[in-house]
Every structure is written in C-alpha cells, then in structure tokens.
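For reference, target_13.cif (mmCIF, C-alpha atoms and all ligand atoms):
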```cif
data_protein
loop_
_atom_site.label_atom_id
_atom_site.label_comp_id
_atom_site.auth_asym_id
_atom_site.auth_seq_id
_atom_site.Cartn_x
_atom_site.Cartn_y
_atom_site.Cartn_z
CA MET A 21 -29.44 -0.40 -4.18
CA HIS A 22 -26.29 0.35 -2.19
CA LEU A 23 -26.27 -1.85 0.92
CA ASN A 24 -24.22 -0.69 3.87
CA LYS A 25 -21.72 -3.18 5.21
CA ARG A 26 -19.62 -3.73 8.26
CA VAL A 27 -16.03 -3.55 7.07
CA VAL A 28 -12.77 -4.40 8.82
CA VAL A 29 -9.69 -2.45 7.68
CA THR A 30 -6.47 -3.84 9.14
CA GLY A 31 -3.68 -1.26 9.01
CA GLY A 32 -6.39 1.42 9.04
CA CYS A 33 -4.17 3.96 10.85
CA GLY A 34 -1.59 3.85 8.07
CA PHE A 35 -1.23 5.93 4.94
CA LEU A 36 -3.45 3.89 2.57
CA GLY A 37 -5.63 2.38 5.30
CA SER A 38 -6.70 5.75 6.72
CA HIS A 39 -7.77 7.03 3.29
CA LEU A 40 -9.66 3.79 2.75
CA CYS A 41 -11.44 4.23 6.12
CA ASP A 42 -12.42 7.77 5.05
CA ARG A 43 -13.84 6.53 1.76
CA LEU A 44 -15.83 3.68 3.35
CA VAL A 45 -17.28 5.85 6.14
CA ASN A 46 -18.22 8.46 3.52
CA GLN A 47 -20.07 5.73 1.62
CA GLY A 48 -22.07 4.97 4.78
CA HIS A 49 -20.34 1.74 5.80
CA GLU A 50 -19.54 0.80 9.38
CA VAL A 51 -15.75 0.58 9.68
CA ILE A 52 -13.66 -1.23 12.26
CA CYS A 53 -10.05 -0.07 11.98
CA VAL A 54 -7.66 -2.68 13.39
CA ASP A 55 -4.10 -1.46 13.91
CA ASN A 56 -1.22 -1.86 16.37
CA CYS A 57 0.10 1.64 15.50
CA PHE A 58 3.50 0.27 14.47
CA THR A 59 3.97 2.63 11.51
CA GLY A 60 0.54 4.25 11.46
CA THR A 61 -0.70 6.84 13.94
CA LYS A 62 -4.00 7.70 15.57
CA GLN A 63 -3.45 11.18 14.12
CA ASN A 64 -4.35 9.75 10.70
CA ILE A 65 -7.82 8.71 11.93
CA ARG A 66 -8.39 11.36 14.63
CA HIS A 67 -11.07 13.07 12.54
CA LEU A 68 -13.01 9.77 12.36
CA LEU A 69 -12.93 8.88 16.06
CA ASP A 70 -16.20 10.68 16.88
CA ASP A 71 -18.05 9.28 13.89
CA PRO A 72 -20.64 6.69 14.97
CA LEU A 73 -19.80 4.62 11.87
CA PHE A 74 -16.15 4.32 12.92
CA GLU A 75 -14.44 2.23 15.57
CA PHE A 76 -10.72 1.87 16.35
CA LEU A 77 -9.35 -1.38 17.77
CA ARG A 78 -5.70 -1.50 18.83
CA HIS A 79 -4.65 -5.03 17.92
CA ASP A 80 -1.71 -6.86 16.35
CA ILE A 81 -3.00 -9.15 13.58
CA THR A 82 -0.31 -11.74 14.26
CA PHE A 83 -2.69 -12.68 17.12
CA PRO A 84 -6.16 -14.13 16.51
CA LEU A 85 -9.09 -11.76 16.24
CA TYR A 86 -12.75 -12.65 16.80
CA ILE A 87 -15.16 -10.04 15.42
CA GLU A 88 -18.06 -9.98 12.96
CA ALA A 89 -18.01 -8.27 9.55
CA ASP A 90 -19.03 -8.56 5.88
CA GLN A 91 -15.74 -7.49 4.31
CA ILE A 92 -12.08 -7.42 5.38
CA TYR A 93 -9.40 -5.26 3.76
CA ASN A 94 -6.07 -6.65 4.97
CA MET A 95 -3.81 -3.60 4.69
CA ALA A 96 -1.66 -4.14 7.80
CA CYS A 97 2.07 -4.31 7.09
CA PRO A 98 4.86 -1.74 7.17
CA ALA A 99 5.40 -0.68 3.56
CA SER A 100 8.55 1.42 3.46
CA PRO A 101 11.90 -0.38 3.17
CA ILE A 102 13.29 1.35 6.29
CA GLN A 103 10.25 0.38 8.35
CA TYR A 104 9.91 -3.19 7.15
CA GLN A 105 13.64 -3.86 7.56
CA HIS A 106 13.61 -2.42 11.09
CA ASP A 107 12.11 -5.66 12.49
CA PRO A 108 12.16 -8.11 9.58
CA VAL A 109 10.87 -11.07 11.60
CA GLN A 110 7.82 -9.08 12.73
CA THR A 111 7.30 -8.03 9.07
CA ILE A 112 7.10 -11.67 7.95
CA LYS A 113 4.88 -12.55 10.90
CA THR A 114 2.52 -9.72 9.98
CA SER A 115 2.32 -10.89 6.36
CA VAL A 116 2.09 -14.63 7.07
CA HIS A 117 0.58 -15.14 10.57
CA GLY A 118 -1.50 -12.01 9.99
CA ALA A 119 -2.86 -13.40 6.71
CA ILE A 120 -3.63 -16.79 8.33
CA ASN A 121 -5.55 -15.10 11.14
CA MET A 122 -7.48 -12.80 8.82
CA LEU A 123 -8.25 -15.70 6.45
CA GLY A 124 -9.37 -17.81 9.43
CA LEU A 125 -11.59 -14.92 10.49
CA ALA A 126 -13.01 -14.51 6.96
CA LYS A 127 -13.67 -18.26 6.80
CA ARG A 128 -15.54 -18.33 10.13
CA ILE A 129 -17.74 -15.32 9.34
CA ASN A 130 -18.01 -15.94 5.58
CA ALA A 131 -16.64 -12.48 4.72
CA ARG A 132 -15.02 -11.27 1.52
CA ILE A 133 -11.34 -10.59 2.08
CA LEU A 134 -8.99 -8.36 0.10
CA GLN A 135 -5.22 -8.56 0.40
CA ALA A 136 -2.99 -5.51 -0.09
CA SER A 137 -0.25 -7.26 -2.03
CA THR A 138 2.49 -5.40 -3.81
CA SER A 139 4.49 -4.92 -6.99
CA GLU A 140 7.41 -6.18 -4.87
CA VAL A 141 6.20 -9.72 -5.65
CA TYR A 142 7.80 -9.08 -9.09
CA GLY A 143 11.16 -8.29 -7.40
CA ASP A 144 13.75 -6.77 -9.74
CA PRO A 145 11.78 -7.62 -12.90
CA GLU A 146 13.14 -8.74 -16.30
CA VAL A 147 9.70 -8.22 -17.86
CA HIS A 148 8.63 -4.63 -18.39
CA PRO A 149 5.92 -3.44 -17.83
CA GLN A 150 4.84 -6.13 -15.36
CA PRO A 151 1.64 -8.10 -16.15
CA GLU A 152 -0.02 -10.26 -13.47
CA SER A 153 1.12 -13.40 -15.34
CA TYR A 154 4.80 -12.61 -14.62
CA TRP A 155 6.13 -14.73 -11.70
CA GLY A 156 8.80 -12.26 -10.68
CA ARG A 157 12.50 -12.28 -9.78
CA VAL A 158 12.84 -12.10 -6.02
CA ASN A 159 15.90 -12.75 -3.86
CA PRO A 160 14.65 -15.11 -1.13
CA ILE A 161 17.39 -14.27 1.40
CA GLY A 162 18.10 -10.55 0.92
CA LEU A 163 17.24 -7.49 3.00
CA ARG A 164 13.95 -6.93 1.13
CA SER A 165 12.92 -10.60 1.34
CA CYS A 166 11.06 -10.26 4.65
CA TYR A 167 8.60 -8.04 2.79
CA ASP A 168 8.68 -9.56 -0.70
CA GLU A 169 8.55 -13.20 0.33
CA GLY A 170 6.10 -12.45 3.15
CA LYS A 171 3.74 -10.88 0.62
CA ARG A 172 4.29 -13.74 -1.85
CA CYS A 173 3.47 -16.29 0.87
CA ALA A 174 0.35 -14.28 1.79
CA GLU A 175 -0.80 -14.50 -1.85
CA THR A 176 -0.26 -18.29 -1.72
CA LEU A 177 -2.34 -18.49 1.46
CA PHE A 178 -5.13 -16.45 -0.10
CA PHE A 179 -5.31 -18.73 -3.13
CA ASP A 180 -5.12 -21.90 -1.00
CA TYR A 181 -7.97 -20.70 1.25
CA HIS A 182 -9.89 -19.89 -1.93
CA ARG A 183 -9.29 -23.34 -3.46
CA GLN A 184 -9.56 -25.35 -0.25
CA HIS A 185 -12.29 -23.46 1.62
CA SER A 186 -14.05 -21.55 -1.22
CA LEU A 187 -13.22 -18.21 0.40
CA LYS A 188 -14.15 -15.09 -1.57
CA ILE A 189 -10.74 -13.51 -2.07
CA LYS A 190 -9.43 -10.39 -3.83
CA VAL A 191 -5.69 -9.87 -4.29
CA ALA A 192 -4.51 -6.38 -5.31
CA ARG A 193 -0.89 -5.90 -6.35
CA ILE A 194 -0.35 -2.28 -5.40
CA PHE A 195 2.40 -0.27 -7.11
CA ASN A 196 4.12 2.78 -5.55
CA THR A 197 1.45 5.08 -4.15
CA TYR A 198 1.91 8.53 -2.64
CA GLY A 199 -0.14 11.31 -1.10
CA PRO A 200 -1.05 13.11 2.12
CA ARG A 201 -0.51 11.15 5.38
CA MET A 202 2.63 9.35 4.24
CA HIS A 203 4.86 9.37 7.29
CA PRO A 204 7.39 12.21 6.90
CA ASN A 205 10.26 10.00 8.15
CA ASP A 206 9.32 6.65 6.70
CA GLY A 207 12.00 6.89 4.02
CA ARG A 208 9.91 6.50 0.88
CA VAL A 209 11.06 8.53 -2.05
CA VAL A 210 8.19 10.99 -2.53
CA SER A 211 7.88 11.90 1.17
CA ASN A 212 11.68 12.09 1.55
CA PHE A 213 12.13 14.41 -1.45
CA ILE A 214 9.21 16.69 -0.50
CA VAL A 215 10.35 17.05 3.13
CA GLN A 216 13.94 17.64 2.00
CA ALA A 217 12.84 20.23 -0.57
CA LEU A 218 10.59 22.08 1.91
CA LYS A 219 13.42 22.17 4.47
CA GLU A 220 15.89 23.29 1.78
CA SER A 221 18.11 20.31 2.69
CA PRO A 222 19.89 18.10 0.15
CA ILE A 223 17.72 15.80 -1.98
CA THR A 224 19.14 12.28 -1.54
CA ILE A 225 19.13 10.23 -4.72
CA TYR A 226 20.21 6.62 -4.18
CA GLY A 227 22.37 5.35 -7.06
CA ASP A 228 22.44 7.35 -10.30
CA GLY A 229 18.71 8.16 -10.23
CA ARG A 230 18.07 6.33 -13.49
CA GLN A 231 16.03 3.59 -11.77
CA SER A 232 12.32 4.04 -12.50
CA ARG A 233 9.04 3.84 -10.60
CA SER A 234 5.43 4.63 -11.53
CA PHE A 235 3.56 6.66 -8.92
CA CYS A 236 -0.17 6.50 -8.23
CA PHE A 237 -2.02 9.15 -6.23
CA VAL A 238 -3.73 7.71 -3.14
CA ASP A 239 -7.32 8.68 -4.13
CA ASP A 240 -7.01 6.72 -7.37
CA LEU A 241 -5.62 3.71 -5.55
CA VAL A 242 -8.41 3.69 -2.96
CA ASP A 243 -10.93 3.85 -5.79
CA GLY A 244 -9.32 0.75 -7.34
CA LEU A 245 -9.35 -1.15 -4.04
CA VAL A 246 -13.05 -0.46 -3.46
CA ARG A 247 -13.93 -1.42 -7.05
CA LEU A 248 -12.05 -4.68 -6.62
CA MET A 249 -13.78 -5.47 -3.31
CA ILE A 250 -17.26 -5.04 -4.79
CA SER A 251 -16.47 -6.78 -8.08
CA SER A 252 -18.13 -10.11 -8.88
CA ASP A 253 -16.98 -13.23 -7.00
CA GLU A 254 -15.01 -14.74 -9.89
CA ILE A 255 -12.64 -11.75 -9.94
CA THR A 256 -10.06 -12.92 -7.43
CA GLY A 257 -7.01 -11.19 -8.90
CA PRO A 258 -4.13 -10.94 -8.56
CA ILE A 259 -4.75 -7.62 -10.23
CA ASN A 260 -2.28 -4.75 -10.64
CA LEU A 261 -3.34 -1.36 -9.26
CA GLY A 262 -1.02 1.52 -10.03
CA ASN A 263 -0.33 4.40 -12.36
CA PRO A 264 1.47 3.25 -15.52
CA THR A 265 3.19 6.59 -16.15
CA GLU A 266 6.85 5.85 -15.47
CA PHE A 267 9.48 8.31 -14.24
CA SER A 268 13.13 8.03 -13.28
CA ILE A 269 13.94 8.95 -9.68
CA LEU A 270 16.02 11.84 -11.01
CA GLN A 271 12.94 13.19 -12.83
CA ILE A 272 10.92 12.94 -9.60
CA ALA A 273 13.59 14.93 -7.74
CA GLU A 274 13.63 17.62 -10.44
CA LYS A 275 9.82 17.88 -10.49
CA ILE A 276 9.62 18.24 -6.70
CA ILE A 277 12.36 20.90 -6.69
CA ALA A 278 10.48 22.82 -9.41
CA LEU A 279 7.05 22.53 -7.73
CA THR A 280 8.33 23.63 -4.32
CA GLY A 281 10.65 26.31 -5.74
CA SER A 282 13.29 24.88 -3.42
CA LYS A 283 16.99 25.78 -3.45
CA SER A 284 17.86 22.21 -2.41
CA LYS A 285 20.75 20.57 -4.29
CA ILE A 286 20.69 16.94 -5.40
CA VAL A 287 23.22 14.61 -3.72
CA PHE A 288 23.92 11.04 -4.77
CA LYS A 289 24.08 8.24 -2.12
CA PRO A 290 24.77 4.50 -2.49
CA LEU A 291 21.99 2.40 -3.98
CA PRO A 292 20.44 0.00 -1.42
CA LEU A 293 20.90 -3.76 -2.09
CA ASP A 294 18.37 -5.42 -4.41
CA ASP A 295 16.76 -2.06 -5.29
CA PRO A 296 14.60 -2.81 -8.38
CA ARG A 297 15.87 -0.99 -11.48
CA GLN A 298 12.52 -0.47 -13.12
CA ARG A 299 8.85 -0.80 -12.28
CA LYS A 300 5.69 -0.05 -14.21
CA PRO A 301 2.34 -1.79 -13.97
CA ASP A 302 0.50 -3.30 -16.91
CA ILE A 303 -3.02 -2.31 -15.84
CA SER A 304 -4.98 -3.75 -18.77
CA LEU A 305 -6.63 -6.31 -16.46
CA ALA A 306 -7.88 -3.61 -14.05
CA GLN A 307 -9.08 -1.52 -17.00
CA LYS A 308 -11.02 -4.47 -18.39
CA LYS A 309 -12.35 -6.11 -15.21
CA LEU A 310 -12.85 -3.09 -12.94
CA GLN A 311 -13.21 -0.29 -15.53
CA TRP A 312 -10.52 1.41 -13.46
CA GLU A 313 -7.57 3.57 -14.34
CA PRO A 314 -5.85 6.39 -12.46
CA ALA A 315 -7.15 9.91 -13.10
CA VAL A 316 -4.79 12.16 -11.13
CA PRO A 317 -1.63 13.22 -13.02
CA LEU A 318 1.68 13.23 -11.13
CA GLU A 319 1.99 17.01 -11.04
CA GLU A 320 -1.46 17.51 -9.48
CA GLY A 321 -0.95 14.71 -6.95
CA LEU A 322 2.46 16.10 -6.01
CA LYS A 323 0.99 19.57 -5.47
CA ARG A 324 -1.62 18.14 -3.08
CA THR A 325 1.03 16.13 -1.25
CA ILE A 326 3.40 19.11 -1.03
CA SER A 327 0.67 21.25 0.49
CA TYR A 328 -0.01 18.53 3.11
CA PHE A 329 3.67 18.35 4.13
CA ASP A 330 3.92 22.13 4.09
CA GLN A 331 1.11 22.36 6.68
CA LEU A 332 2.58 19.48 8.69
CA LEU A 333 6.04 21.08 8.90
CA LEU A 334 4.50 24.47 9.79
CA SER A 335 2.52 22.89 12.63
CA GLU A 336 5.71 21.32 14.00
P1 LIG B 1 1.79 2.19 6.35
O1 LIG B 1 3.04 1.75 7.03
O2 LIG B 1 1.47 3.64 6.34
O3 LIG B 1 0.53 1.45 6.97
C1 LIG B 1 0.57 0.13 7.46
C2 LIG B 1 -0.30 0.06 8.71
O4 LIG B 1 -0.29 -1.28 9.21
C3 LIG B 1 0.22 0.94 9.84
O5 LIG B 1 -0.85 1.71 10.38
C4 LIG B 1 0.77 -0.05 10.85
O6 LIG B 1 0.72 0.43 12.18
C5 LIG B 1 -0.13 -1.24 10.62
N1 LIG B 1 0.46 -2.53 11.04
C6 LIG B 1 1.70 -3.00 10.77
N2 LIG B 1 1.86 -4.22 11.33
C7 LIG B 1 0.67 -4.52 11.95
C8 LIG B 1 0.23 -5.63 12.71
N3 LIG B 1 1.01 -6.69 12.93
N4 LIG B 1 -1.03 -5.59 13.21
C9 LIG B 1 -1.84 -4.53 13.00
N5 LIG B 1 -1.47 -3.45 12.30
C10 LIG B 1 -0.21 -3.44 11.78
O7 LIG B 1 1.84 1.63 4.87
P2 LIG B 1 0.88 1.89 3.62
O8 LIG B 1 1.67 2.56 2.59
O9 LIG B 1 -0.39 2.47 4.06
O10 LIG B 1 0.62 0.40 3.12
C11 LIG B 1 -0.58 -0.29 3.42
C12 LIG B 1 -0.57 -1.65 2.76
O11 LIG B 1 -0.46 -1.50 1.34
C13 LIG B 1 0.60 -2.52 3.20
O12 LIG B 1 0.15 -3.85 3.33
C14 LIG B 1 1.58 -2.41 2.06
O13 LIG B 1 2.39 -3.54 1.95
C15 LIG B 1 0.66 -2.23 0.88
N6 LIG B 1 1.32 -1.52 -0.22
C16 LIG B 1 1.55 -0.18 -0.16
C17 LIG B 1 2.20 0.46 -1.21
C18 LIG B 1 2.46 1.95 -1.20
O14 LIG B 1 3.09 2.46 -2.12
N7 LIG B 1 2.01 2.71 -0.24
C19 LIG B 1 2.63 -0.26 -2.32
C20 LIG B 1 2.41 -1.64 -2.33
C21 LIG B 1 1.73 -2.25 -1.30
N1 LIG B 2 -8.85 -17.09 13.55
C1 LIG B 2 -9.10 -15.81 13.99
N2 LIG B 2 -10.40 -15.39 14.06
C2 LIG B 2 -11.44 -16.20 13.74
C3 LIG B 2 -11.17 -17.50 13.28
C4 LIG B 2 -9.85 -17.92 13.19
O1 LIG B 2 -8.20 -15.03 14.30
O2 LIG B 2 -12.60 -15.74 13.82
C5 LIG B 2 -7.44 -17.50 13.45
C6 LIG B 2 -7.12 -18.67 14.36
O3 LIG B 2 -6.07 -18.25 15.22
C7 LIG B 2 -6.61 -19.75 13.45
C8 LIG B 2 -6.37 -19.05 12.12
O4 LIG B 2 -7.22 -17.93 12.13
O5 LIG B 2 -5.38 -20.26 13.90
C9 LIG B 2 -6.67 -19.91 10.94
O6 LIG B 2 -8.00 -20.36 11.04
P1 LIG B 2 -8.47 -21.69 10.32
O7 LIG B 2 -9.92 -21.90 10.69
O8 LIG B 2 -8.16 -21.63 8.88
O9 LIG B 2 -7.54 -22.82 10.89
P2 LIG B 2 -7.43 -23.54 12.31
O10 LIG B 2 -8.41 -22.88 13.25
O11 LIG B 2 -7.77 -24.94 12.01
O12 LIG B 2 -6.01 -23.33 12.70
N1 LIG B 3 15.08 6.55 -3.22
C1 LIG B 3 15.98 7.60 -3.38
N2 LIG B 3 16.11 8.51 -2.38
C2 LIG B 3 15.39 8.46 -1.24
C3 LIG B 3 14.44 7.39 -1.07
C4 LIG B 3 14.33 6.45 -2.09
O1 LIG B 3 16.65 7.70 -4.41
O2 LIG B 3 15.56 9.34 -0.36
C5 LIG B 3 14.93 5.57 -4.32
C6 LIG B 3 15.02 4.12 -3.90
O3 LIG B 3 16.37 3.68 -3.90
C7 LIG B 3 14.19 3.44 -4.98
C8 LIG B 3 13.12 4.46 -5.31
O4 LIG B 3 13.62 5.72 -4.85
O5 LIG B 3 14.97 3.22 -6.12
C9 LIG B 3 11.77 4.20 -4.66
O6 LIG B 3 12.00 3.99 -3.28
P1 LIG B 3 10.85 3.74 -2.21
O7 LIG B 3 11.52 3.36 -0.93
O8 LIG B 3 9.92 4.90 -2.20
O9 LIG B 3 9.98 2.53 -2.79
P2 LIG B 3 10.38 1.07 -3.37
O10 LIG B 3 11.87 0.95 -3.53
O11 LIG B 3 9.83 0.12 -2.38
O12 LIG B 3 9.70 1.06 -4.68
#
```
Using structure tokens, write down the structure that the file contains.
Ligand code: NAD
Ligand code: UDP
Ligand code: UDP
Amino acid sequence: MHLNKRVVVTGGCGFLGSHLCDRLVNQGHEVICVDNCFTGTKQNIRHLLDDPLFEFLRHDITFPLYIEADQIYNMACPASPIQYQHDPVQTIKTSVHGAINMLGLAKRINARILQASTSEVYGDPEVHPQPESYWGRVNPIGLRSCYDEGKRCAETLFFDYHRQHSLKIKVARIFNTYGPRMHPNDGRVVSNFIVQALKESPITIYGDGRQSRSFCFVDDLVDGLVRLMISSDEITGPINLGNPTEFSILQIAEKIIALTGSKSKIVFKPLPLDDPRQRKPDISLAQKKLQWEPAVPLEEGLKRTISYFDQLLLSE
C-alpha cells in the first residue's frame, strides 16, 4: 500500500525543487515548500498554489524551523556558479547552518532526511568516471569552495547525525541536471546556450570547449531522488545520480545550434578558475541499490528544454 506522507522540500521554488514538488503532489503527498526565493521564483510553483496538498512557506533555512513532517528533502542552495559566488558567505551558511537546522528538525520529529549533495564534492577529479568511493580533489580556498566545501561539510554533518543520533539519512550526489524551469540568466551552460541560440546571439564557450560534463534530464533525476528517499533504511548513500553519457561543452553547443536551427556563432571566452576538466558519474551503485538509471536521451531532453525557453522568451 502507498501511504501518503507530509513532505518538506527546502528549495522547492527552484529548478529541481519545483519538479520534485510536482512529483510528490501528483503522488498524493502533502508538500510544504520552504524557500526564501533567493534563486527560485514563485512562478515555478504558481500552478501548485491552489492545490490543497501544497503549501508555500517563505523562510531562510539558515534560521531554525519548527514544523511537523515525515520526510525532508533538503534542496535549498543556489546551484549555478554565478549565483553561488554572488554571496559566497550566504552560500556556505545555507549549506552548513541550513543542514544543521534541517538535521535538528529531522531529529526532533524523527523524519527521514535527504540531502541534495553534488558532483562538486569530487572537485576537479583525477579519477574518471567518479565512483562514490573517490574522495575528490577540491580547492578549499578558491572561488568555487563556498559551494564545494559547504556541500562537503553538509555531507559530514549528515553522517555525524546518522552515527551520533541514528538519523535516517539519504545523501544524493547530483551531477549536472537540466530541463524546463532553469533560470534563463543563472549562467549554467545548457540554459545559457539555449537562450543564446534562440536569441541568435553568440554562444559563449569558456576555454577551448574540450572540458566534459554529463547531463541528466530533470524528470530522470527527480525519479532517482524519490527512489532514494523511499529506499530501505540502510541505504544512506552517498549515491551518485546523473546521466553517464559524457559530452564536451563544444559538442553541447553544436547540438543546441543544430536543434534550434540557430545562426548563432560560437565565441570562446576565458575559462573560469578551478573549472573541472571532466565529469561523469559512475552510477553502478544507483543501478544496483535503487534499480535506477536515466531514460531520457540528451537530444529529447534538449528538445523539451528548448521548447520551454522558446515559450518563455515569447511571453517576455
Ligand atoms: P536553484 O537555484 O534553481 O534552486 C535552489 C533553491 O533554493 C532556490 O529556489 C532558492 O531560492 C532556494 N534557496 C537558496 N538558499 C536558500 C535558503 N537559505 N533558504 C531557503 N531557500 C533557499 O538550483 P537547483 O538546480 O534546483 O538545485 C537544487 C539543489 O540541487 C541544490 O542544493 C544544488 O546544490 C543541488 N544540485 C543541483 C544540480 C543541478 O545540476 N541542477 C547539480 C548538483 C546539485
Ligand atoms: N532546529 C530546528 N527545528 C527543530 C529542531 C532544531 O530548526 O525542530 C535547529 C535548532 O536551531 C538547532 C539545530 O536545529 O540549533 C540543531 O539541532 P540539534 O537538536 O541537533 O542541536 P541543539 O538544539 O542542541 O543545538
Ligand atoms: N560553460 C561555458 N559557457 C557558458 C556557461 C558554462 O562554456 O556560457 C562551461 C563551464 O565553464 C563549465 C561547463 O560549461 O566547464 C558547465 O558549466 P555549468 O556552470 O553549467 O556547471 P558546472 O561547472 O557547475 O558543472
């Protein structure tokens, strides 16, 4: 039998969080979306606001929160390099103070808690593809550190609350994910390239475009998160969630130009500091423990994302 739960989604107004709220409400769960609207917008959840199963709470998770729930998905944190470097101290506070508060909450109400961790915990990796057993190569004092080290510290906190207080934890290491509702100006590569292509403006490749990433469509990722949350207690993670099909950034640019039929030209800009050269998840653990693997190929996911941005730009 499928029992309905009360579920907290922090960061529920964001790109991933809003899709997760949709999925949980569709499954009949009661969802409390907790967000301070720093990078997310109410627009992303507007269609849910009248649903009796859905509730929006404007709140910054760096402050304590006293509510009741069965499950907590801790998704709150700016995810794009431009956004998380805009106020790096607030980024760390969100990852660290936010995690402490959400873990304190989970402890008091005996809820399961899932952390949206990231492939950034592997830094600029020397091991390829990256398995969960790899400890990573992260610069502790660079421009990306507020995010990377914040997320690493959050993982530490999750495992210490698990060991010390027997909390039921789930840690997902999410790799690059894309899809509708990415913020058009948040600077991530897929949204940047699609918006540039649709506006027929230059496609900005940072560096020579030979650095690689592996892109997962949002629906697949949400499926993985929900599977992890409902998996048996001993599955704590960390567990990689991402699409293992790897592309160079140049290939992504060429695909988006072809799919949009754009006349945009590629221009090359300086590579940001500490930009990882390669990234690809080893997802054998998720395949084995969650019977999960992505189903949406890049081309199909890109088409769906392009059509979202097309509508968005038309409505502007
Ligand atoms: P996003 O920026 O679209 O969403 C983050 C949400 O968190 C926003 O709605 C924002 O307003 C909210 N938020 C930020 N600080 C907050 C705070 N202090 N209190 C309450 N709410 C706060 O980003 P996203 O892509 O949806 O990412 C969601 C989560 O998944 C993040 O934790 C991110 O680190 C993680 N993640 C995402 C990706 C990806 O490719 N999208 C990859 C790895 C990890
Ligand atoms: N906390 C919260 N909601 C709760 C319970 C705790 O936000 O329902 C916060 C509280 O601010 C606390 C933090 O979580 O500082 C950590 O809680 P914990 O019980 O682990 O530690 P302590 O209360 O001893 O600091
Ligand atoms: N990138 C790029 N042009 C852009 C935006 C990003 O070439 O307009 C590159 C960026 O330097 C990185 C890759 O694309 O090598 C992925 O960047 P993103 O910010 O999406 O994610 P992350 O670096 O966090 O994986």
Open item on the list: Taking only C-alpha atoms and all ligand atoms into account, list the residues no farther than 6 Å from ligand LIG 3 (chain B), as a PyMOL selection string.
Closed with: chain A and resi 100-101+196+207-209+212+224-226+231+269+291+295
Open item on the list: As a quick test: using only C-alpha atoms and all ligand atoms, which residues lie no more than 9 Å away from ligand LIG 2 (chain B)? Give them as a PyMOL selection string.
Closed with: chain A and resi 81-88+117-129+181+185
Open item on the list: When you look at Gln307 in chain A with a cut-off of 12 Å (counting all atoms listed in the file), what residues show up, excluding the ones that are within fewer than 4 positions of it in the same chain? I need them as a PyMOL selection string.
Closed with: chain A and resi 244+247-248+259-264+301-303+311-314
Open item on the list: Distance limit 6 Å, reference ligand LIG 1 (chain B), atoms considered: all atoms listed in the file. Which residues make the cut? Give them as a PyMOL selection string.
Closed with: chain A and resi 30-37+55-60+79-82+95-99+114+136-138+194-197
- [ ] Give me, please, the distance in Å between CA of Ile189 in chain A and CA of Arg132 in chain A, quoted to one decimal.
- [x] 6.0 Å
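Separating CA of Gly143 in chain A from CA of Arg157 in chain A is a distance of 4.8 Å.
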Completed range 209-220 of chain A (N, CA, C and O atoms) as a PDB file, in the coordinates of the input:
```
ATOM      1  N   VAL A 209      10.421   7.503  -1.233  1.00  0.00           N
ATOM      2  CA  VAL A 209      11.060   8.530  -2.050  1.00  0.00           C
ATOM      3  C   VAL A 209      10.263   9.827  -2.125  1.00  0.00           C
ATOM      4  O   VAL A 209      10.828  10.914  -1.982  1.00  0.00           O
ATOM      5  N   VAL A 210       8.951   9.747  -2.344  1.00  0.00           N
ATOM      6  CA  VAL A 210       8.190  10.990  -2.530  1.00  0.00           C
ATOM      7  C   VAL A 210       8.179  11.809  -1.241  1.00  0.00           C
ATOM      8  O   VAL A 210       8.443  13.021  -1.255  1.00  0.00           O
ATOM      9  N   SER A 211       7.914  11.154  -0.099  1.00  0.00           N
ATOM     10  CA  SER A 211       7.880  11.900   1.170  1.00  0.00           C
ATOM     11  C   SER A 211       9.286  12.425   1.499  1.00  0.00           C
ATOM     12  O   SER A 211       9.436  13.577   1.907  1.00  0.00           O
ATOM     13  N   ASN A 212      10.317  11.608   1.296  1.00  0.00           N
ATOM     14  CA  ASN A 212      11.680  12.090   1.550  1.00  0.00           C
ATOM     15  C   ASN A 212      11.992  13.352   0.746  1.00  0.00           C
ATOM     16  O   ASN A 212      12.432  14.357   1.288  1.00  0.00           O
ATOM     17  N   PHE A 213      11.752  13.283  -0.572  1.00  0.00           N
ATOM     18  CA  PHE A 213      12.130  14.410  -1.450  1.00  0.00           C
ATOM     19  C   PHE A 213      11.335  15.663  -1.088  1.00  0.00           C
ATOM     20  O   PHE A 213      11.875  16.771  -1.086  1.00  0.00           O
ATOM     21  N   ILE A 214      10.039  15.506  -0.808  1.00  0.00           N
ATOM     22  CA  ILE A 214       9.210  16.690  -0.500  1.00  0.00           C
ATOM     23  C   ILE A 214       9.685  17.323   0.810  1.00  0.00           C
ATOM     24  O   ILE A 214       9.874  18.545   0.881  1.00  0.00           O
ATOM     25  N   VAL A 215       9.911  16.501   1.835  1.00  0.00           N
ATOM     26  CA  VAL A 215      10.350  17.050   3.130  1.00  0.00           C
ATOM     27  C   VAL A 215      11.717  17.711   2.961  1.00  0.00           C
ATOM     28  O   VAL A 215      11.956  18.816   3.456  1.00  0.00           O
ATOM     29  N   GLN A 216      12.612  17.053   2.220  1.00  0.00           N
ATOM     30  CA  GLN A 216      13.940  17.640   2.000  1.00  0.00           C
ATOM     31  C   GLN A 216      13.824  18.972   1.245  1.00  0.00           C
ATOM     32  O   GLN A 216      14.466  19.966   1.607  1.00  0.00           O
ATOM     33  N   ALA A 217      12.976  19.001   0.228  1.00  0.00           N
ATOM     34  CA  ALA A 217      12.840  20.230  -0.570  1.00  0.00           C
ATOM     35  C   ALA A 217      12.252  21.351   0.284  1.00  0.00           C
ATOM     36  O   ALA A 217      12.721  22.491   0.225  1.00  0.00           O
ATOM     37  N   LEU A 218      11.236  21.035   1.097  1.00  0.00           N
ATOM     38  CA  LEU A 218      10.590  22.080   1.910  1.00  0.00           C
ATOM     39  C   LEU A 218      11.549  22.603   2.985  1.00  0.00           C
ATOM     40  O   LEU A 218      11.484  23.760   3.370  1.00  0.00           O
ATOM     41  N   LYS A 219      12.457  21.731   3.450  1.00  0.00           N
ATOM     42  CA  LYS A 219      13.420  22.170   4.470  1.00  0.00           C
ATOM     43  C   LYS A 219      14.693  22.733   3.838  1.00  0.00           C
ATOM     44  O   LYS A 219      15.637  23.050   4.553  1.00  0.00           O
ATOM     45  N   GLU A 220      14.716  22.816   2.534  1.00  0.00           N
ATOM     46  CA  GLU A 220      15.890  23.290   1.780  1.00  0.00           C
ATOM     47  C   GLU A 220      17.137  22.461   2.124  1.00  0.00           C
ATOM     48  O   GLU A 220      18.256  22.971   2.130  1.00  0.00           O
TER      49      GLU A 220
END
```
